[in-house]
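Next comes entry36.txt, with compact mmCIF, C-alpha atoms and all ligand atoms.
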```
# COMPACT_ATOMS: atom_id res chain seq x y z
CA MET D 1 30.76 176.88 85.17
CA ARG D 2 30.14 179.66 87.67
CA LYS D 3 26.44 180.16 88.28
CA PRO D 4 25.53 183.86 88.04
CA PHE D 5 24.59 185.57 91.28
CA VAL D 6 22.75 188.83 91.92
CA ALA D 7 22.50 190.28 95.42
CA GLY D 8 20.45 193.31 96.40
CA ASN D 9 21.91 195.61 99.04
CA TRP D 10 19.03 197.59 100.51
CA LYS D 11 21.43 199.67 102.63
CA MET D 12 19.61 201.88 105.18
CA HIS D 13 16.34 201.86 103.25
CA GLY D 14 12.93 200.36 103.85
CA SER D 15 10.17 200.03 106.40
CA ARG D 16 7.97 197.09 107.32
CA ASP D 17 5.38 198.19 104.75
CA ALA D 18 7.81 198.99 101.98
CA ASN D 19 9.71 195.72 102.52
CA ALA D 20 6.50 193.68 102.40
CA ARG D 21 5.56 195.33 99.09
CA LEU D 22 9.04 194.80 97.66
CA VAL D 23 9.13 191.12 98.63
CA GLN D 24 5.63 190.62 97.26
CA GLY D 25 6.87 192.09 93.97
CA LEU D 26 9.83 189.69 93.97
CA ARG D 27 7.56 186.76 94.75
CA THR D 28 5.43 187.56 91.69
CA ALA D 29 8.23 188.28 89.25
CA MET D 30 10.95 185.80 90.25
CA THR D 31 9.98 182.76 88.22
CA ALA D 32 11.43 179.35 88.94
CA PRO D 33 13.28 179.08 85.56
CA LEU D 34 14.88 182.46 86.23
CA ALA D 35 16.03 181.40 89.65
CA SER D 36 17.40 178.11 88.36
CA HIS D 37 19.86 180.07 86.21
CA CYS D 38 20.88 182.65 88.77
CA ASP D 39 21.31 182.69 92.55
CA VAL D 40 19.52 185.65 94.13
CA ALA D 41 19.72 187.26 97.56
CA VAL D 42 18.55 190.44 99.25
CA CYS D 43 20.29 192.14 102.17
CA PRO D 44 17.90 194.22 104.32
CA PRO D 45 18.93 196.20 107.43
CA PHE D 46 19.44 194.08 110.58
CA VAL D 47 16.13 195.02 112.22
CA TYR D 48 14.10 193.70 109.30
CA LEU D 49 15.96 190.43 108.71
CA ALA D 50 13.62 188.19 110.71
CA ASP D 51 10.52 189.72 109.07
CA VAL D 52 11.94 189.44 105.58
CA ALA D 53 13.07 185.86 106.26
CA VAL D 54 9.44 184.92 106.81
CA GLN D 55 8.25 186.87 103.77
CA LEU D 56 10.82 185.17 101.53
CA GLN D 57 9.68 181.66 102.45
CA GLY D 58 8.65 179.74 99.38
CA THR D 59 10.60 182.05 97.06
CA PRO D 60 13.99 181.26 95.52
CA VAL D 61 15.42 184.46 97.04
CA ALA D 62 17.95 183.98 99.84
CA LEU D 63 18.53 186.33 102.75
CA GLY D 64 21.74 188.20 103.48
CA ALA D 65 22.88 190.77 106.02
CA GLN D 66 24.89 193.91 105.38
CA ASP D 67 27.52 193.43 108.07
CA THR D 68 28.56 191.20 110.97
CA CYS D 69 30.55 191.52 114.15
CA ALA D 70 34.04 190.04 113.78
CA GLU D 71 33.81 188.41 117.23
CA PRO D 72 32.04 185.07 117.42
CA GLY D 73 30.08 185.98 120.56
CA PRO D 74 27.95 185.80 122.54
CA GLY D 75 29.49 188.55 124.58
CA ALA D 76 29.79 192.15 125.65
CA ARG D 77 29.64 193.94 122.29
CA THR D 78 26.85 196.52 122.64
CA GLY D 79 25.20 197.32 119.33
CA GLU D 80 26.82 194.46 117.44
CA VAL D 81 25.23 191.44 115.75
CA SER D 82 27.14 188.17 115.52
CA ALA D 83 27.37 185.88 112.51
CA SER D 84 25.64 183.09 114.44
CA MET D 85 22.68 185.43 115.12
CA LEU D 86 22.45 186.16 111.40
CA LEU D 87 22.40 182.45 110.69
CA ASP D 88 19.81 181.97 113.43
CA VAL D 89 17.33 184.39 111.78
CA GLY D 90 17.72 182.78 108.37
CA CYS D 91 20.63 184.50 106.63
CA ARG D 92 22.73 182.64 104.15
CA TYR D 93 24.99 185.51 103.07
CA VAL D 94 26.62 188.54 104.65
CA LEU D 95 28.38 191.51 103.08
CA VAL D 96 31.80 192.22 104.54
CA GLY D 97 33.99 195.24 103.82
CA HIS D 98 31.42 197.28 101.94
CA SER D 99 33.02 200.61 101.05
CA GLU D 100 30.48 202.46 103.20
CA ARG D 101 31.64 200.42 106.20
CA ARG D 102 35.28 201.09 105.31
CA GLN D 103 34.62 204.80 104.72
CA PHE D 104 32.15 205.75 107.48
CA HIS D 105 33.03 203.19 110.15
CA GLY D 106 36.78 203.00 109.76
CA GLU D 107 36.85 199.31 108.88
CA ASP D 108 40.34 198.30 107.78
CA ASP D 109 41.53 195.27 105.84
CA GLY D 110 42.39 193.34 109.01
CA LEU D 111 38.92 193.77 110.48
CA VAL D 112 37.30 192.86 107.16
CA ALA D 113 39.32 189.64 107.05
CA ARG D 114 38.22 188.78 110.59
CA LYS D 115 34.59 189.39 109.67
CA LEU D 116 34.95 187.09 106.68
CA SER D 117 36.37 184.35 108.89
CA ALA D 118 33.64 184.85 111.50
CA ALA D 119 30.98 184.45 108.82
CA LEU D 120 32.55 181.31 107.38
CA ALA D 121 32.98 179.80 110.83
CA VAL D 122 29.20 179.61 111.31
CA GLY D 123 28.43 178.56 107.74
CA LEU D 124 27.45 181.89 106.19
CA THR D 125 28.78 182.82 102.76
CA PRO D 126 30.58 186.17 102.95
CA ILE D 127 30.35 188.60 100.05
CA LEU D 128 33.69 190.40 100.28
CA CYS D 129 33.55 193.90 98.80
CA VAL D 130 36.62 195.65 97.41
CA GLY D 131 37.06 198.77 95.33
CA GLU D 132 39.09 201.92 94.80
CA SER D 133 38.04 205.55 95.26
CA LEU D 134 38.03 208.04 92.40
CA GLN D 135 41.13 209.70 93.81
CA GLU D 136 42.93 206.35 93.86
CA ARG D 137 41.84 205.54 90.30
CA ASP D 138 42.94 208.96 89.04
CA ALA D 139 46.30 208.47 90.75
CA GLY D 140 46.77 205.16 88.92
CA LEU D 141 46.48 203.21 92.17
CA THR D 142 43.56 200.92 91.28
CA HIS D 143 45.57 197.70 91.10
CA HIS D 144 47.57 198.65 94.15
CA VAL D 145 44.43 199.19 96.27
CA ILE D 146 42.61 196.10 95.02
CA ALA D 147 45.71 193.95 95.54
CA ARG D 148 46.04 195.24 99.11
CA GLN D 149 42.37 194.56 99.90
CA VAL D 150 42.34 191.08 98.36
CA ASP D 151 45.76 190.03 99.64
CA ALA D 152 44.87 191.07 103.19
CA VAL D 153 42.09 188.51 103.22
CA LEU D 154 44.11 185.87 101.37
CA ASP D 155 46.94 186.28 103.91
CA ALA D 156 44.76 186.34 107.02
CA ALA D 157 42.01 183.86 106.14
CA GLY D 158 43.69 181.77 103.42
CA VAL D 159 42.82 181.08 99.80
CA ALA D 160 40.39 178.27 100.72
CA ALA D 161 38.34 180.80 102.73
CA VAL D 162 38.23 183.12 99.74
CA GLY D 163 37.11 180.13 97.66
CA ARG D 164 34.11 179.68 99.97
CA SER D 165 33.19 183.35 99.58
CA VAL D 166 31.83 185.58 96.85
CA LEU D 167 33.77 188.70 95.88
CA ALA D 168 32.27 191.98 94.74
CA TYR D 169 34.25 194.65 92.93
CA GLU D 170 32.61 197.97 93.68
CA PRO D 171 34.51 201.05 92.54
CA VAL D 172 33.61 203.67 95.14
CA TRP D 173 33.15 206.31 92.43
CA ALA D 174 30.39 204.23 90.83
CA ILE D 175 28.34 203.54 93.97
CA GLY D 176 25.10 205.47 94.07
CA THR D 177 26.47 208.02 91.62
CA GLY D 178 24.75 206.83 88.46
CA ARG D 179 28.25 206.58 87.00
CA THR D 180 28.87 202.92 86.13
CA ALA D 181 32.24 201.44 85.30
CA SER D 182 32.32 200.54 81.63
CA PRO D 183 32.13 196.80 80.97
CA GLU D 184 35.78 196.97 79.91
CA GLN D 185 36.82 198.73 83.12
CA ALA D 186 34.93 196.15 85.19
CA GLN D 187 36.43 193.25 83.25
CA GLU D 188 39.92 194.65 83.60
CA VAL D 189 39.72 194.74 87.40
CA HIS D 190 37.84 191.43 87.63
CA GLY D 191 40.60 189.81 85.58
CA PHE D 192 43.16 191.33 87.91
CA ILE D 193 41.34 190.00 91.01
CA ARG D 194 41.07 186.52 89.51
CA GLY D 195 44.77 186.63 88.69
CA ARG D 196 45.58 187.64 92.23
CA ILE D 197 43.69 184.62 93.57
CA ALA D 198 45.19 182.37 90.86
CA ALA D 199 48.63 183.23 92.17
CA ARG D 200 47.61 181.24 95.29
CA ASP D 201 45.34 178.61 93.73
CA GLY D 202 44.28 178.33 90.10
CA ASN D 203 41.28 176.08 90.71
CA ILE D 204 39.82 178.37 93.33
CA ALA D 205 40.42 181.40 91.11
CA GLY D 206 38.51 179.67 88.33
CA SER D 207 35.50 178.82 90.45
CA VAL D 208 35.04 181.84 92.75
CA ARG D 209 32.28 184.24 91.74
CA LEU D 210 33.17 187.89 91.15
CA LEU D 211 30.25 190.34 91.18
CA TYR D 212 30.34 193.88 89.89
CA GLY D 213 28.65 196.62 91.91
CA GLY D 214 28.16 200.33 91.33
CA SER D 215 25.06 201.79 89.66
CA VAL D 216 24.01 198.47 88.10
CA LYS D 217 20.62 198.97 86.44
CA ALA D 218 18.39 196.97 84.14
CA SER D 219 19.66 199.13 81.28
CA ASN D 220 23.36 198.35 81.76
CA ALA D 221 23.30 194.92 83.41
CA ARG D 222 23.44 192.88 80.25
CA GLU D 223 26.61 194.44 78.86
CA LEU D 224 28.35 194.24 82.25
CA PHE D 225 27.39 190.59 82.77
CA ALA D 226 28.54 189.75 79.24
CA MET D 227 32.13 190.21 80.39
CA PRO D 228 33.88 186.87 80.96
CA ASP D 229 34.95 187.54 84.55
CA VAL D 230 31.77 189.32 85.70
CA ASP D 231 29.60 186.65 87.31
CA GLY D 232 26.72 188.86 88.38
CA GLY D 233 26.06 191.98 90.39
CA LEU D 234 25.77 193.57 93.81
CA VAL D 235 22.93 196.00 93.34
CA GLY D 236 22.08 198.93 95.62
CA GLY D 237 19.51 201.49 94.50
CA ALA D 238 18.03 199.36 91.74
CA SER D 239 17.32 196.51 94.19
CA LEU D 240 14.64 198.64 95.88
CA ASN D 241 12.38 198.26 92.85
CA ALA D 242 11.17 194.69 92.29
CA GLU D 243 10.69 195.04 88.54
CA GLU D 244 14.07 196.63 88.01
CA PHE D 245 15.82 194.09 90.26
CA VAL D 246 14.21 191.12 88.55
CA ALA D 247 15.19 192.55 85.15
CA ILE D 248 18.79 192.60 86.39
CA VAL D 249 18.44 188.99 87.57
CA ALA D 250 17.07 188.09 84.13
CA ALA D 251 20.11 189.67 82.49
CA ALA D 252 22.41 187.58 84.70
CA ALA D 253 20.38 184.41 84.11
CA ARG D 254 20.97 184.80 80.35
CA LYS D 255 24.74 184.78 80.82
P1 LIG H 301 24.39 201.19 93.86
O1 LIG H 301 25.08 200.53 95.16
O2 LIG H 301 23.90 200.07 92.99
O3 LIG H 301 23.26 202.04 94.41
O4 LIG H 301 25.45 202.00 93.18
C1 LIG H 301 25.82 199.36 95.08
C2 LIG H 301 26.37 198.98 96.43
O5 LIG H 301 26.84 199.85 97.17
O6 LIG H 301 26.35 197.79 96.81
```
For this file, produce the structure as structure tokens.
Amino acid sequence: MRKPFVAGNWKMHGSRDANARLVQGLRTAMTAPLASHCDVAVCPPFVYLADVAVQLQGTPVALGAQDTCAEPGPGARTGEVSASMLLDVGCRYVLVGHSERRQFHGEDDGLVARKLSAALAVGLTPILCVGESLQERDAGLTHHVIARQVDAVLDAAGVAAVGRSVLAYEPVWAIGTGRTASPEQAQEVHGFIRGRIAARDGNIAGSVRLLYGGSVKASNARELFAMPDVDGGLVGGASLNAEEFVAIVAAAARK
């Protein structure tokens, strides 16, 4: 059985005060039985990681980062943060290849694969994000794009590395738009991703967790997580509200 997993991506939101309030809300609402049925993580901006690590102590919520440098470091990489630094401040997870990194920072499949390997090398669990744009979906290229993104990592890092990661399918057209993929659309692509991995290793394909991301809310989480290949969610906007986020975790825990 794949244990459900819900990760909150805070993106470039928050402040010391707002984060403290949010974590306090999580501390109150995230009951032990809930957490025993669902793994939970939050991914604040780099500058707040060390603070939030302290605030999360004694809660079942793990810490993740939103990105990592692909180079192991230490070294001359001004502005970058290495995977070992993330581990050092208490991270357990790190997002790699989020569509906003691909779109606004020119990250290509090769770089994403190197980031995934850098994370694994220090013992972090990468959350590899893939997803097509609206233009690509409308052109009938969804499978083509997803296959390219997944295969790039399978080829460069190997299927065992993918097996030690979490994958997140996030259609770009559903991120922050309020427009969610239907449960059937999500399932269709999740099934495709699992098949792609199964072509290399059936056991790994059966055990790797595939999250859905893109306008997940408390009101639609349950039907999305009911799909057989949707093992939880990567949640942006709704992770900034403790009550809403915990309701999404509760929906996953019921899976
Ligand atoms: P959203 O973002 O839930 O605000 O759509 C998801 C993500 O980008 O991870």
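Protein, DNA and RNA residues at most 8 Å from (33.4, 190.0, 104.8), with all atoms listed in the file, are these: Asp67, Thr68, Val94, Leu95, Val96, Gly97, Val112, Ala113, Arg114, Lys115, Leu116, Ser117, Ala119, Pro126, Ile127, Leu128 and Cys129 of chain D.
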Find the nearest atom pair between each residue of chain D and ligand LIG 301 (chain H) for residues within 7 Å, count all atoms listed in the file, give distances in Å to one decimal, sort rows by chain and ascending number, and present the table as CSV.
```
residue,atom,partner,partner_atom,distance
D:Asn9,CA,H:LIG301,O6,5.4
D:Glu170,CA,H:LIG301,C2,6.9
D:Ala174,CA,H:LIG301,O4,5.9
D:Ile175,CA,H:LIG301,O4,3.4
D:Gly176,CA,H:LIG301,O4,3.6
D:Thr177,CA,H:LIG301,O4,6.3
D:Gly178,CA,H:LIG301,O4,6.8
D:Gly213,CA,H:LIG301,C1,5.1
D:Gly214,CA,H:LIG301,O4,3.7
D:Ser215,CA,H:LIG301,O4,3.5
D:Val216,CA,H:LIG301,O2,5.1
D:Leu234,CA,H:LIG301,O6,5.2
D:Val235,CA,H:LIG301,O2,4.2
D:Gly236,CA,H:LIG301,O2,3.4
D:Gly237,CA,H:LIG301,O3,3.8
D:Ala238,CA,H:LIG301,O2,6.0
```
Point out the residue among D:Cys38, D:Met30, D:Met12, D:Leu63 with the least atom-to-atom distance to Ala251 in chain D, counting only C-alpha atoms. D:Cys38
Taking 2 positions as the minimum chain separation for residues in the same chain, which residues sit within 12 Å of Pro171 in chain D when counting only C-alpha atoms? Answer as a PDB file with C-alpha atoms, keeping the file's coordinate frame.
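result_34.pdb was written with the following content:
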```pdb
ATOM      1  CA  HIS D  98      31.420 197.280 101.940  1.00  0.00           C
ATOM      2  CA  SER D  99      33.020 200.610 101.050  1.00  0.00           C
ATOM      3  CA  GLU D 100      30.480 202.460 103.200  1.00  0.00           C
ATOM      4  CA  CYS D 129      33.550 193.900  98.800  1.00  0.00           C
ATOM      5  CA  VAL D 130      36.620 195.650  97.410  1.00  0.00           C
ATOM      6  CA  GLY D 131      37.060 198.770  95.330  1.00  0.00           C
ATOM      7  CA  GLU D 132      39.090 201.920  94.800  1.00  0.00           C
ATOM      8  CA  SER D 133      38.040 205.550  95.260  1.00  0.00           C
ATOM      9  CA  LEU D 134      38.030 208.040  92.400  1.00  0.00           C
ATOM     10  CA  GLN D 135      41.130 209.700  93.810  1.00  0.00           C
ATOM     11  CA  GLU D 136      42.930 206.350  93.860  1.00  0.00           C
ATOM     12  CA  ARG D 137      41.840 205.540  90.300  1.00  0.00           C
ATOM     13  CA  THR D 142      43.560 200.920  91.280  1.00  0.00           C
ATOM     14  CA  HIS D 143      45.570 197.700  91.100  1.00  0.00           C
ATOM     15  CA  VAL D 145      44.430 199.190  96.270  1.00  0.00           C
ATOM     16  CA  ILE D 146      42.610 196.100  95.020  1.00  0.00           C
ATOM     17  CA  ALA D 168      32.270 191.980  94.740  1.00  0.00           C
ATOM     18  CA  TYR D 169      34.250 194.650  92.930  1.00  0.00           C
ATOM     19  CA  TRP D 173      33.150 206.310  92.430  1.00  0.00           C
ATOM     20  CA  ALA D 174      30.390 204.230  90.830  1.00  0.00           C
ATOM     21  CA  ILE D 175      28.340 203.540  93.970  1.00  0.00           C
ATOM     22  CA  GLY D 176      25.100 205.470  94.070  1.00  0.00           C
ATOM     23  CA  THR D 177      26.470 208.020  91.620  1.00  0.00           C
ATOM     24  CA  ARG D 179      28.250 206.580  87.000  1.00  0.00           C
ATOM     25  CA  THR D 180      28.870 202.920  86.130  1.00  0.00           C
ATOM     26  CA  ALA D 181      32.240 201.440  85.300  1.00  0.00           C
ATOM     27  CA  SER D 182      32.320 200.540  81.630  1.00  0.00           C
ATOM     28  CA  GLN D 185      36.820 198.730  83.120  1.00  0.00           C
ATOM     29  CA  ALA D 186      34.930 196.150  85.190  1.00  0.00           C
ATOM     30  CA  VAL D 189      39.720 194.740  87.400  1.00  0.00           C
ATOM     31  CA  HIS D 190      37.840 191.430  87.630  1.00  0.00           C
ATOM     32  CA  LEU D 211      30.250 190.340  91.180  1.00  0.00           C
ATOM     33  CA  TYR D 212      30.340 193.880  89.890  1.00  0.00           C
ATOM     34  CA  GLY D 213      28.650 196.620  91.910  1.00  0.00           C
ATOM     35  CA  GLY D 214      28.160 200.330  91.330  1.00  0.00           C
ATOM     36  CA  SER D 215      25.060 201.790  89.660  1.00  0.00           C
ATOM     37  CA  VAL D 216      24.010 198.470  88.100  1.00  0.00           C
ATOM     38  CA  LEU D 234      25.770 193.570  93.810  1.00  0.00           C
TER      39      LEU D 234
END
```
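Distance annotation: of D:Ile248, D:Val89, D:Ala157, D:Val52, the residue with the minimal separation from Gly233 in chain D is D:Ile248; atom set is all atoms listed in the file.
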Because some atoms of range 134-153 of chain D are absent here, can you restore N, CA, C and O atoms and send them as a PDB file, in the frame of the given file?
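Listing of out_33.pdb after writing:
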```
ATOM      1  N   LEU D 134      37.722 207.303  93.627  1.00  0.00           N
ATOM      2  CA  LEU D 134      38.030 208.040  92.400  1.00  0.00           C
ATOM      3  C   LEU D 134      39.447 208.613  92.452  1.00  0.00           C
ATOM      4  O   LEU D 134      40.195 208.546  91.474  1.00  0.00           O
ATOM      5  N   GLN D 135      39.792 209.129  93.629  1.00  0.00           N
ATOM      6  CA  GLN D 135      41.130 209.700  93.810  1.00  0.00           C
ATOM      7  C   GLN D 135      42.207 208.641  93.543  1.00  0.00           C
ATOM      8  O   GLN D 135      43.207 208.915  92.878  1.00  0.00           O
ATOM      9  N   GLU D 136      41.957 207.432  94.055  1.00  0.00           N
ATOM     10  CA  GLU D 136      42.930 206.350  93.860  1.00  0.00           C
ATOM     11  C   GLU D 136      42.993 205.941  92.386  1.00  0.00           C
ATOM     12  O   GLU D 136      44.074 205.707  91.843  1.00  0.00           O
ATOM     13  N   ARG D 137      41.834 205.886  91.734  1.00  0.00           N
ATOM     14  CA  ARG D 137      41.840 205.540  90.300  1.00  0.00           C
ATOM     15  C   ARG D 137      42.601 206.597  89.512  1.00  0.00           C
ATOM     16  O   ARG D 137      43.461 206.284  88.694  1.00  0.00           O
ATOM     17  N   ASP D 138      42.295 207.873  89.788  1.00  0.00           N
ATOM     18  CA  ASP D 138      42.940 208.960  89.040  1.00  0.00           C
ATOM     19  C   ASP D 138      44.452 208.982  89.284  1.00  0.00           C
ATOM     20  O   ASP D 138      45.211 209.426  88.436  1.00  0.00           O
ATOM     21  N   ALA D 139      44.862 208.502  90.451  1.00  0.00           N
ATOM     22  CA  ALA D 139      46.300 208.470  90.750  1.00  0.00           C
ATOM     23  C   ALA D 139      46.964 207.201  90.217  1.00  0.00           C
ATOM     24  O   ALA D 139      48.148 206.954  90.474  1.00  0.00           O
ATOM     25  N   GLY D 140      46.200 206.382  89.495  1.00  0.00           N
ATOM     26  CA  GLY D 140      46.770 205.160  88.920  1.00  0.00           C
ATOM     27  C   GLY D 140      46.995 204.066  89.951  1.00  0.00           C
ATOM     28  O   GLY D 140      47.827 203.181  89.763  1.00  0.00           O
ATOM     29  N   LEU D 141      46.240 204.135  91.063  1.00  0.00           N
ATOM     30  CA  LEU D 141      46.480 203.210  92.170  1.00  0.00           C
ATOM     31  C   LEU D 141      45.469 202.064  92.245  1.00  0.00           C
ATOM     32  O   LEU D 141      45.441 201.324  93.229  1.00  0.00           O
ATOM     33  N   THR D 142      44.628 201.917  91.212  1.00  0.00           N
ATOM     34  CA  THR D 142      43.560 200.920  91.280  1.00  0.00           C
ATOM     35  C   THR D 142      44.089 199.526  91.621  1.00  0.00           C
ATOM     36  O   THR D 142      43.641 198.887  92.585  1.00  0.00           O
ATOM     37  N   HIS D 143      45.050 199.057  90.857  1.00  0.00           N
ATOM     38  CA  HIS D 143      45.570 197.700  91.100  1.00  0.00           C
ATOM     39  C   HIS D 143      46.203 197.591  92.482  1.00  0.00           C
ATOM     40  O   HIS D 143      46.054 196.574  93.174  1.00  0.00           O
ATOM     41  N   HIS D 144      46.894 198.640  92.853  1.00  0.00           N
ATOM     42  CA  HIS D 144      47.570 198.650  94.150  1.00  0.00           C
ATOM     43  C   HIS D 144      46.552 198.474  95.288  1.00  0.00           C
ATOM     44  O   HIS D 144      46.743 197.658  96.205  1.00  0.00           O
ATOM     45  N   VAL D 145      45.450 199.232  95.216  1.00  0.00           N
ATOM     46  CA  VAL D 145      44.430 199.190  96.270  1.00  0.00           C
ATOM     47  C   VAL D 145      43.711 197.847  96.284  1.00  0.00           C
ATOM     48  O   VAL D 145      43.524 197.233  97.345  1.00  0.00           O
ATOM     49  N   ILE D 146      43.331 197.381  95.102  1.00  0.00           N
ATOM     50  CA  ILE D 146      42.610 196.100  95.020  1.00  0.00           C
ATOM     51  C   ILE D 146      43.507 194.959  95.515  1.00  0.00           C
ATOM     52  O   ILE D 146      43.061 194.077  96.255  1.00  0.00           O
ATOM     53  N   ALA D 147      44.775 194.999  95.112  1.00  0.00           N
ATOM     54  CA  ALA D 147      45.710 193.950  95.540  1.00  0.00           C
ATOM     55  C   ALA D 147      45.830 193.958  97.066  1.00  0.00           C
ATOM     56  O   ALA D 147      45.804 192.901  97.715  1.00  0.00           O
ATOM     57  N   ARG D 148      45.921 195.149  97.646  1.00  0.00           N
ATOM     58  CA  ARG D 148      46.040 195.240  99.110  1.00  0.00           C
ATOM     59  C   ARG D 148      44.803 194.659  99.793  1.00  0.00           C
ATOM     60  O   ARG D 148      44.901 193.862 100.733  1.00  0.00           O
ATOM     61  N   GLN D 149      43.616 195.018  99.276  1.00  0.00           N
ATOM     62  CA  GLN D 149      42.370 194.560  99.900  1.00  0.00           C
ATOM     63  C   GLN D 149      42.188 193.046  99.763  1.00  0.00           C
ATOM     64  O   GLN D 149      41.747 192.373 100.697  1.00  0.00           O
ATOM     65  N   VAL D 150      42.514 192.527  98.594  1.00  0.00           N
ATOM     66  CA  VAL D 150      42.340 191.080  98.360  1.00  0.00           C
ATOM     67  C   VAL D 150      43.417 190.281  99.094  1.00  0.00           C
ATOM     68  O   VAL D 150      43.122 189.275  99.756  1.00  0.00           O
ATOM     69  N   ASP D 151      44.656 190.753  99.009  1.00  0.00           N
ATOM     70  CA  ASP D 151      45.760 190.030  99.640  1.00  0.00           C
ATOM     71  C   ASP D 151      45.603 189.973 101.161  1.00  0.00           C
ATOM     72  O   ASP D 151      45.982 188.985 101.801  1.00  0.00           O
ATOM     73  N   ALA D 152      45.047 191.053 101.731  1.00  0.00           N
ATOM     74  CA  ALA D 152      44.870 191.070 103.190  1.00  0.00           C
ATOM     75  C   ALA D 152      44.015 189.893 103.628  1.00  0.00           C
ATOM     76  O   ALA D 152      44.303 189.242 104.646  1.00  0.00           O
ATOM     77  N   VAL D 153      42.982 189.615 102.861  1.00  0.00           N
ATOM     78  CA  VAL D 153      42.090 188.510 103.220  1.00  0.00           C
ATOM     79  C   VAL D 153      42.748 187.165 102.873  1.00  0.00           C
ATOM     80  O   VAL D 153      42.665 186.205 103.644  1.00  0.00           O
TER      81      VAL D 153
END
```
